[in-house]
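For reference, structure-v2.txt is printed below; it contains compact mmCIF, C-alpha atoms.
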# COMPACT_ATOMS: atom_id res chain seq x y z
CA MET A 1 -110.82 54.81 -30.68
CA ARG A 2 -114.28 54.33 -32.15
CA VAL A 3 -113.56 57.17 -34.63
CA ARG A 4 -110.34 55.46 -35.77
CA VAL A 5 -112.08 52.11 -36.30
CA ARG A 6 -114.75 53.90 -38.28
CA ALA A 7 -112.06 55.62 -40.41
CA VAL A 8 -110.46 52.24 -41.19
CA ALA A 9 -113.87 50.78 -42.04
CA VAL A 10 -114.63 53.70 -44.35
CA GLY A 11 -111.19 53.29 -45.99
CA VAL A 12 -111.81 49.59 -46.60
CA ALA A 13 -115.26 50.34 -47.97
CA VAL A 14 -113.88 52.99 -50.36
CA VAL A 15 -111.23 50.58 -51.66
CA LEU A 16 -113.76 47.78 -52.10
CA VAL A 17 -116.20 50.06 -53.92
CA GLY A 18 -113.35 51.27 -56.16
CA LEU A 19 -112.38 47.71 -57.00
CA ALA A 20 -116.02 46.80 -57.65
CA VAL A 21 -116.35 49.73 -60.07
CA VAL A 22 -113.14 48.79 -61.92
CA LEU A 23 -114.21 45.15 -62.16
CA ALA A 24 -117.73 46.10 -63.29
CA LEU A 25 -116.30 48.28 -66.04
CA ASN A 26 -114.14 45.41 -67.26
CA VAL A 27 -116.66 42.57 -67.12
CA GLY A 28 -116.90 41.03 -70.57
CA ARG A 29 -113.58 42.46 -71.68
CA ASP A 30 -111.31 39.64 -72.73
CA PRO A 31 -107.77 40.50 -71.61
CA ARG A 32 -106.43 38.17 -74.31
CA ALA A 33 -108.65 39.50 -77.09
CA ASP A 34 -105.56 40.68 -78.96
CA ALA A 35 -104.60 37.02 -79.33
CA ASN A 36 -107.49 36.55 -81.77
CA ARG A 37 -106.33 39.18 -84.24
CA SER A 38 -103.02 39.80 -85.94
CA GLN A 39 -101.26 42.93 -84.78
CA LEU A 40 -99.76 43.26 -88.25
CA LEU A 41 -102.92 44.39 -90.01
CA GLY A 42 -102.22 47.68 -91.74
CA GLN A 43 -98.50 47.32 -91.08
CA PRO A 44 -95.72 46.80 -93.62
CA SER A 45 -95.06 43.17 -94.44
CA PRO A 46 -92.55 41.48 -92.15
CA THR A 47 -89.19 40.75 -93.70
CA TYR A 48 -88.60 37.20 -94.90
CA ASP A 49 -85.84 35.78 -97.03
CA LEU A 50 -86.32 32.09 -97.69
CA GLU A 51 -85.66 29.36 -100.20
CA THR A 52 -88.41 27.25 -101.76
CA LEU A 53 -88.16 23.46 -101.85
CA ASP A 54 -87.03 23.85 -105.48
CA GLY A 55 -84.13 26.04 -104.35
CA ALA A 56 -85.53 29.33 -105.65
CA PRO A 57 -85.03 32.38 -103.41
CA VAL A 58 -88.18 34.14 -102.24
CA SER A 59 -88.42 37.25 -100.10
CA ASP A 60 -90.85 40.01 -99.23
CA GLU A 61 -88.92 42.35 -101.52
CA SER A 62 -89.03 39.98 -104.48
CA GLN A 63 -92.82 39.83 -104.24
CA ILE A 64 -93.54 43.56 -104.16
CA GLY A 65 -96.03 44.48 -106.88
CA ARG A 66 -98.15 41.36 -106.47
CA THR A 67 -100.78 40.35 -103.96
CA VAL A 68 -99.20 37.60 -101.88
CA VAL A 69 -101.07 34.95 -99.91
CA VAL A 70 -98.72 33.67 -97.21
CA ASN A 71 -99.91 30.42 -95.67
CA PHE A 72 -98.14 28.97 -92.60
CA TRP A 73 -98.73 25.23 -92.38
CA ASN A 74 -97.12 21.87 -91.74
CA SER A 75 -97.65 18.24 -92.65
CA TRP A 76 -98.87 17.01 -89.27
CA CYS A 77 -101.50 19.58 -88.39
CA ILE A 78 -105.11 18.43 -88.81
CA PRO A 79 -106.59 21.91 -89.50
CA CYS A 80 -103.96 22.27 -92.25
CA GLU A 81 -105.33 19.11 -93.85
CA GLN A 82 -108.84 20.52 -93.50
CA GLU A 83 -107.96 23.65 -95.48
CA HIS A 84 -105.84 21.83 -98.04
CA ASP A 85 -108.66 21.33 -100.59
CA ALA A 86 -109.53 25.04 -100.43
CA LEU A 87 -105.90 26.00 -101.08
CA VAL A 88 -105.69 23.58 -104.02
CA ALA A 89 -108.94 24.92 -105.50
CA TRP A 90 -107.96 28.57 -105.00
CA TRP A 91 -104.51 28.01 -106.51
CA ALA A 92 -105.99 26.17 -109.51
CA ALA A 93 -108.21 29.17 -110.18
CA ASN A 94 -105.49 31.80 -109.72
CA ARG A 95 -102.14 30.26 -110.61
CA ASP A 96 -102.15 31.89 -114.04
CA ASP A 97 -102.92 35.35 -112.66
CA ASP A 98 -99.66 37.30 -112.53
CA ALA A 99 -101.14 39.80 -110.08
CA VAL A 100 -101.36 37.26 -107.25
CA THR A 101 -99.24 34.49 -105.87
CA MET A 102 -99.21 32.15 -102.90
CA LEU A 103 -96.35 31.07 -100.68
CA GLY A 104 -96.56 28.22 -98.21
CA ILE A 105 -94.15 28.65 -95.28
CA VAL A 106 -93.55 25.55 -93.20
CA ARG A 107 -93.90 25.96 -89.47
CA GLU A 108 -92.28 23.41 -87.18
CA ASP A 109 -91.78 20.41 -89.44
CA THR A 110 -89.00 18.43 -91.08
CA ARG A 111 -88.00 18.87 -94.71
CA ARG A 112 -88.46 15.18 -95.42
CA ALA A 113 -92.05 15.13 -94.11
CA VAL A 114 -92.87 18.29 -96.03
CA GLU A 115 -91.43 17.00 -99.30
CA ARG A 116 -93.45 13.77 -98.96
CA TYR A 117 -96.65 15.75 -98.24
CA VAL A 118 -96.06 18.11 -101.18
CA ARG A 119 -95.53 15.14 -103.49
CA ASP A 120 -98.46 13.08 -102.25
CA GLU A 121 -101.01 15.88 -101.82
CA ASP A 122 -100.40 17.74 -105.08
CA VAL A 123 -99.06 20.97 -103.59
CA THR A 124 -98.00 22.91 -106.68
CA TRP A 125 -97.59 26.42 -105.21
CA PRO A 126 -94.19 27.50 -103.88
CA VAL A 127 -93.36 26.11 -100.45
CA ALA A 128 -90.44 27.25 -98.32
CA MET A 129 -88.91 25.86 -95.15
CA ASP A 130 -88.34 28.39 -92.37
CA PRO A 131 -85.03 27.58 -90.69
CA GLY A 132 -85.00 28.80 -87.10
CA GLY A 133 -88.63 29.86 -87.36
CA ARG A 134 -87.66 33.46 -88.07
CA ALA A 135 -90.40 34.12 -90.63
CA ALA A 136 -93.03 32.55 -88.37
CA LEU A 137 -91.84 34.82 -85.56
CA ALA A 138 -91.71 37.90 -87.81
CA PHE A 139 -95.38 37.32 -88.73
CA GLY A 140 -96.26 36.82 -85.06
CA THR A 141 -97.77 33.40 -85.76
CA ARG A 142 -99.37 31.57 -82.86
CA GLY A 143 -99.86 28.23 -84.56
CA GLN A 144 -100.88 26.77 -87.89
CA PRO A 145 -102.57 27.14 -90.23
CA GLU A 146 -102.41 30.92 -90.40
CA THR A 147 -102.87 32.92 -93.58
CA TYR A 148 -101.81 36.49 -94.29
CA VAL A 149 -102.53 38.51 -97.41
CA ILE A 150 -100.08 41.21 -98.41
CA SER A 151 -101.07 43.96 -100.83
CA PRO A 152 -98.96 44.78 -103.92
CA SER A 153 -97.56 47.78 -102.02
CA GLY A 154 -96.36 45.50 -99.22
CA VAL A 155 -98.99 46.07 -96.51
CA VAL A 156 -100.58 43.25 -94.50
CA VAL A 157 -104.27 43.75 -95.23
CA ALA A 158 -105.87 40.54 -93.97
CA SER A 159 -105.19 37.53 -91.83
CA GLN A 160 -106.94 34.34 -90.89
CA TYR A 161 -106.19 32.07 -87.92
CA GLY A 162 -107.33 28.54 -88.65
CA PRO A 163 -108.45 26.88 -91.89
CA VAL A 164 -109.37 29.12 -94.82
CA THR A 165 -112.04 28.60 -97.44
CA VAL A 166 -111.97 29.64 -101.10
CA ALA A 167 -114.44 32.43 -100.26
CA ASN A 168 -112.14 33.66 -97.42
CA LEU A 169 -109.20 33.75 -99.77
CA ASP A 170 -111.14 35.56 -102.50
CA ASP A 171 -112.35 38.19 -100.00
CA MET A 172 -108.88 38.76 -98.55
CA VAL A 173 -107.27 39.02 -101.98
CA ALA A 174 -109.97 41.44 -103.12
CA ALA A 175 -109.23 43.60 -100.05
CA ALA A 176 -105.54 43.58 -100.90
CA GLU A 177 -106.22 44.60 -104.48
CA ARG A 178 -108.38 47.50 -103.27
CA VAL A 179 -105.50 48.73 -101.11
CA GLY A 180 -103.12 48.34 -104.06
CA MET B 1 -92.10 39.76 -14.76
CA ALA B 2 -93.82 42.35 -16.93
CA ASP B 3 -90.43 43.74 -17.99
CA THR B 4 -89.25 40.28 -19.08
CA SER B 5 -92.39 39.81 -21.15
CA THR B 6 -91.96 43.21 -22.82
CA ALA B 7 -88.31 42.46 -23.57
CA ARG B 8 -89.28 39.11 -25.12
CA ASN B 9 -91.90 40.81 -27.27
CA ARG B 10 -89.37 43.36 -28.47
CA ILE B 11 -86.85 40.66 -29.38
CA ALA B 12 -89.55 38.75 -31.28
CA TRP B 13 -90.47 41.88 -33.27
CA ILE B 14 -86.81 42.63 -33.99
CA VAL B 15 -86.19 39.06 -35.17
CA LEU B 16 -89.30 39.24 -37.37
CA ALA B 17 -88.21 42.59 -38.83
CA VAL B 18 -84.70 41.24 -39.55
CA LEU B 19 -86.16 38.16 -41.25
CA VAL B 20 -88.54 40.22 -43.42
CA LEU B 21 -85.86 42.75 -44.39
CA GLY B 22 -83.40 39.93 -45.05
CA ALA B 23 -85.87 38.14 -47.33
CA VAL B 24 -86.61 41.35 -49.25
CA ALA B 25 -82.90 42.17 -49.60
CA PHE B 26 -82.14 38.61 -50.76
CA SER B 27 -84.86 38.74 -53.41
CA LEU B 28 -83.64 42.11 -54.69
CA TRP B 29 -79.93 41.30 -54.58
CA PRO B 30 -78.55 41.12 -58.15
CA ARG B 31 -77.63 37.58 -59.18
CA PRO B 32 -74.22 36.91 -60.68
CA GLY B 33 -74.29 37.08 -64.45
CA ALA B 34 -77.62 38.91 -64.57
CA ASP B 35 -76.03 41.67 -66.64
CA SER B 36 -74.63 39.34 -69.31
CA VAL B 37 -76.50 38.97 -72.60
CA ALA B 38 -77.35 35.37 -71.68
CA GLY B 39 -78.68 36.49 -68.29
CA ARG B 40 -80.71 39.31 -69.81
CA THR B 41 -82.05 36.95 -72.49
CA ARG B 42 -83.16 34.46 -69.83
CA SER B 43 -84.72 37.22 -67.78
CA LEU B 44 -86.65 38.67 -70.72
CA ALA B 45 -87.66 35.22 -71.99
CA ARG B 46 -89.30 34.61 -68.61
CA GLU B 47 -91.51 37.67 -69.18
CA PHE B 48 -93.07 36.45 -72.44
CA ARG B 49 -95.81 33.89 -72.88
CA CYS B 50 -95.07 30.97 -75.21
CA VAL B 51 -97.70 31.70 -77.88
CA ASP B 52 -98.38 28.14 -78.95
CA CYS B 53 -98.41 26.41 -75.59
CA GLU B 54 -100.50 26.93 -72.47
CA GLY B 55 -99.14 28.57 -69.35
CA LEU B 56 -95.43 28.42 -70.17
CA SER B 57 -92.99 31.22 -70.67
CA VAL B 58 -90.70 31.49 -73.69
CA ALA B 59 -87.87 30.57 -71.31
CA ASP B 60 -89.55 27.34 -70.18
CA SER B 61 -90.98 26.08 -73.49
CA GLN B 62 -89.12 23.89 -75.95
CA THR B 63 -91.37 24.58 -78.97
CA ALA B 64 -89.73 25.86 -82.14
CA SER B 65 -91.52 29.20 -81.80
CA ALA B 66 -90.19 29.65 -78.24
CA ARG B 67 -86.67 28.78 -79.41
CA ALA B 68 -87.04 31.30 -82.25
CA ALA B 69 -88.22 33.92 -79.76
CA ARG B 70 -85.21 33.28 -77.50
CA VAL B 71 -82.88 33.60 -80.47
CA GLU B 72 -84.59 36.85 -81.48
CA ILE B 73 -84.33 38.29 -77.95
CA ARG B 74 -80.63 37.48 -77.84
CA ARG B 75 -80.04 38.85 -81.34
CA ARG B 76 -81.72 42.13 -80.46
CA LEU B 77 -79.87 42.50 -77.16
CA GLU B 78 -76.57 41.80 -78.91
CA ALA B 79 -77.50 44.44 -81.48
CA GLY B 80 -77.68 46.94 -78.63
CA GLU B 81 -81.43 47.15 -78.06
CA SER B 82 -82.60 47.79 -74.52
CA GLU B 83 -84.93 45.45 -72.61
CA ALA B 84 -87.73 48.00 -73.11
CA GLU B 85 -87.19 47.98 -76.87
CA VAL B 86 -87.25 44.18 -77.02
CA ARG B 87 -90.38 44.16 -74.88
CA ALA B 88 -92.00 46.71 -77.21
CA TYR B 89 -91.11 44.55 -80.24
CA PHE B 90 -92.93 41.53 -78.81
CA VAL B 91 -95.92 43.59 -77.65
CA ASP B 92 -96.21 45.15 -81.13
CA LEU B 93 -96.05 41.68 -82.65
CA TYR B 94 -98.45 39.80 -80.39
CA GLY B 95 -100.26 42.40 -78.29
CA GLU B 96 -100.05 42.84 -74.53
CA SER B 97 -101.34 39.32 -73.95
CA VAL B 98 -97.82 38.10 -74.72
CA LEU B 99 -96.68 39.53 -71.39
CA LEU B 100 -96.93 37.09 -68.50
CA LYS B 101 -96.80 39.97 -66.01
CA PRO B 102 -99.60 42.50 -66.49
CA GLU B 103 -98.51 46.03 -67.31
CA GLY B 104 -98.85 48.69 -64.63
CA THR B 105 -101.56 50.59 -66.50
CA GLY B 106 -105.31 50.21 -66.94
CA ILE B 107 -106.82 47.07 -65.43
CA GLY B 108 -103.28 45.74 -64.94
CA LEU B 109 -102.77 48.44 -62.32
CA VAL B 110 -105.44 46.80 -60.15
CA VAL B 111 -103.52 43.54 -60.18
CA TRP B 112 -100.38 45.27 -58.93
CA ALA B 113 -102.15 47.61 -56.51
CA LEU B 114 -104.44 45.06 -54.88
CA PRO B 115 -101.76 43.21 -52.84
CA VAL B 116 -100.22 46.52 -51.77
CA VAL B 117 -103.59 47.85 -50.64
CA ALA B 118 -104.28 44.56 -48.84
CA VAL B 119 -100.94 44.74 -46.99
CA ILE B 120 -101.51 48.37 -46.01
CA LEU B 121 -105.01 47.60 -44.74
CA ALA B 122 -103.79 44.53 -42.86
CA GLY B 123 -100.99 46.61 -41.28
CA ALA B 124 -103.46 49.32 -40.30
CA GLY B 125 -105.71 46.66 -38.80
CA ILE B 126 -102.85 45.20 -36.75
CA VAL B 127 -101.81 48.65 -35.50
CA VAL B 128 -105.38 49.47 -34.46
CA ALA B 129 -105.78 46.10 -32.75
CA VAL B 130 -102.47 46.41 -30.86
CA ARG B 131 -103.24 49.94 -29.72
CA ARG B 132 -106.70 48.97 -28.61
CA GLY B 133 -105.20 46.09 -26.63
CA ARG B 134 -102.73 48.44 -24.93
CA ARG B 135 -105.34 51.01 -24.04
CA THR B 136 -107.72 48.51 -22.44
CA PRO B 137 -107.18 49.17 -18.72
CA ARG B 138 -105.83 46.25 -16.71
CA LEU B 139 -108.14 45.83 -13.74
CA ARG B 140 -106.53 45.03 -10.43
CA ALA B 141 -108.48 43.21 -7.79
CA THR B 142 -109.27 45.39 -4.78
CA ASP B 143 -109.45 44.09 -1.20
CA GLU B 144 -113.19 44.23 -1.52
CA ASP B 145 -113.09 42.02 -4.65
CA GLU B 146 -110.85 39.48 -2.96
CA ALA B 147 -113.14 39.38 0.07
CA LEU B 148 -116.09 38.80 -2.25
CA VAL B 149 -114.33 35.90 -3.95
CA ALA B 150 -113.31 34.44 -0.61
CA ARG B 151 -116.89 34.61 0.63
CA ALA B 152 -118.14 32.97 -2.56
CA LEU B 153 -115.56 30.19 -2.29
CA GLY B 154 -116.35 29.67 1.38
CA ALA B 155 -120.04 29.42 0.62
CA GLU B 156 -119.34 26.93 -2.12
CA HIS B 157 -117.22 24.72 0.16
CA GLY B 158 -119.93 24.88 2.82
CA THR B 159 -122.55 23.74 0.34
CA ASP B 160 -120.30 20.87 -0.80
CA ASP B 161 -119.72 19.78 2.80
CA ARG B 162 -123.46 19.70 3.47
CA ALA B 163 -124.03 17.72 0.31
CA ASP B 164 -121.39 15.18 1.42
CA ASP B 165 -123.04 14.87 4.82
CA GLY B 166 -126.38 14.25 3.16
CA ASP B 167 -124.93 11.44 1.09
CA GLU B 168 -123.61 9.74 4.19
CA ARG B 169 -127.05 9.75 5.75

Starting from the coordinates I provided, produce the structure as C-alpha cells.
Amino acid sequence: MRVRVRAVAVGVAVVLVGLAVVLALNVGRDPRADANRSQLLGQPSPTYDLETLDGAPVSDESQIGRTVVVNFWNSWCIPCEQEHDALVAWWAANRDDDAVTMLGIVREDTRRAVERYVRDEDVTWPVAMDPGGRAALAFGTRGQPETYVISPSGVVVASQYGPVTVANLDDMVAAAERVG
Amino acid sequence: MADTSTARNRIAWIVLAVLVLGAVAFSLWPRPGADSVAGRTRSLAREFRCVDCEGLSVADSQTASARAARVEIRRRLEAGESEAEVRAYFVDLYGESVLLKPEGTGIGLVVWALPVVAVILAGAGIVVAVRRGRRTPRLRATDEDEALVARALGAEHGTDDRADDGDER
C-alpha cells in the first residue's frame, strides 16, 4: 500500500514539475501578441470594391501601380481626430504625386455624419463608405484608426494601429516604394 | 445489516454513474438544426472573439464588425467551405488570439490537458483511498476486551458513588 501511495505521489510530482517547466518557458509570452500586429504584412492586398462619397468606384485592382495609404476611420472616434492634422498635412504634401494616393474607408459610421465631417474638417482625399463592413473585415481591422500601406505591386508592406504621424506615413510609404 | 449497507452503496454508485453518463450523453447529443448553415454559422461564430469588444464572441456581439464576421462566416459556409477552412481564414486574418477556445497545440495543450490530468489524479486518489479503507482490518472486541471495559465502567461507577456519598457528608 505504501508503495502505491508513493507511486501516486511521484506521479503528481512529475505532472506538477512538467507544468512548472511549461509555465516557466512561457512566462513573459503574451498569448495575444498577434493582436498588436497585422497578419497581412507581406500578404497580397485584401480585395475591396467600394464607392467614394463622390460616387467614383475604387478598388484594390484600380489602384495597382501606385502606393496606396488606406486609412480606416470614422467621425466619432477621438484617436481619429488626433491623427486628422497629420493626414491633412501628409495629403497636402503628396496629393500631386501620381505615385501615391490615400483612401479613407469609413468604419462603423453613418453616411450623414461622415459627409458633415468631411465638409467641416477639410477632408479632400477620397473617402468611401464600407457597406456591411466587408473591407474592414478583409483588412482584419480591430478598431479605428488603422492605417495600411500597399505597395504598387499590391502587397501590404506596413500597418499602424492607432493615430499616425506625418513621419510614420513617410516611413511606411518609403517602405512600400522600396518593395515596388 | 452489512449486506443492506453494501447494497445501498452499490445503488448509490449506480445512480451516480447513470447521472454522469446521462449528463455527458446529453451534452454530446446533436441539437436539432445544428447541421443547417444557420446552425453552423452560430456554432462557428461562438468560437471567434469579437475583435473590437472585450470578452464577447462574434455570436454575442452586436458591433458592426461582429455582424460583418457573421455574414462572412455564413457566406463562406454557403460557398461550400468547411468549418476548418472558415476557422483558418479568421486565424490567418487575426492570428490565433481570435479563437476563444485555445488550440490543442503548444501552450494551449496545457489548458486542455490540465483538467483531464486533474480528473485522472483525483480518480486515482479516490481509488487508493477506498482500497485503503477496505483493507484496514475491522477489529472485533474479544471477551477479554469486553471484560476490561466492564471493569473500567464498574470502577468508574464506584468512584462516582463514593463521590456522591462524600457530598452528602

Students should find that atom CA of A:Val22 and atom CA of B:Val110 are spaced 8.1 Å

For atom CA of B:Leu44 and atom CA of A:Ser38, determine how far apart the two atoms are, in Å to one decimal place.
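Between atom CA of B:Leu44 and atom CA of A:Ser38 the gap works out to 22.4 Å.
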
Measure the distance from atom CA of A:Gly154 to atom CA of A:Ala136 in Å and round it to one decimal.
17.2 Å

Starting from chain A, keep only residues with some atom at most 7 Å from an atom of chain B, counting only C-alpha atoms, and report them as a list of chain:residue names.
A:Pro31, A:Arg32, A:Asp34, A:Ala35, A:Gln39, A:Leu40, A:Glu108, A:Gly132, A:Gly133, A:Arg134, A:Leu137, A:Gly140, A:Arg142, A:Gly143

What lies within 9 Å of A:Arg37 using all atoms listed in the file, ignoring chain neighbours under 5 positions off, as a list of chain:residue names?
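Neighbouring residues, sequence-local ones excluded: A:Ser159, A:Gln160, A:Tyr161, B:Tyr94.
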
Applying 10 Å and only C-alpha atoms, which residues near A:Asp109 remain after dropping the ones on its own chain fewer than 3 positions away? List them as a PyMOL selection string.
(chain A and resi 73-77+106+112-114+129-131) or (chain B and resi 64)

Determine the nearest neighbour of A:Glu83 from the options A:Pro126, A:Gly11, A:Pro145, A:Pro57, counting all atoms listed in the file.
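Residue with the minimum atom-to-atom distance to A:Glu83: A:Pro145.
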
Looking at all atoms listed in the file, which of A:Ala176, A:Asn168, A:Phe139, A:Val14 is the one that sits closest to A:Tyr48?
A:Phe139
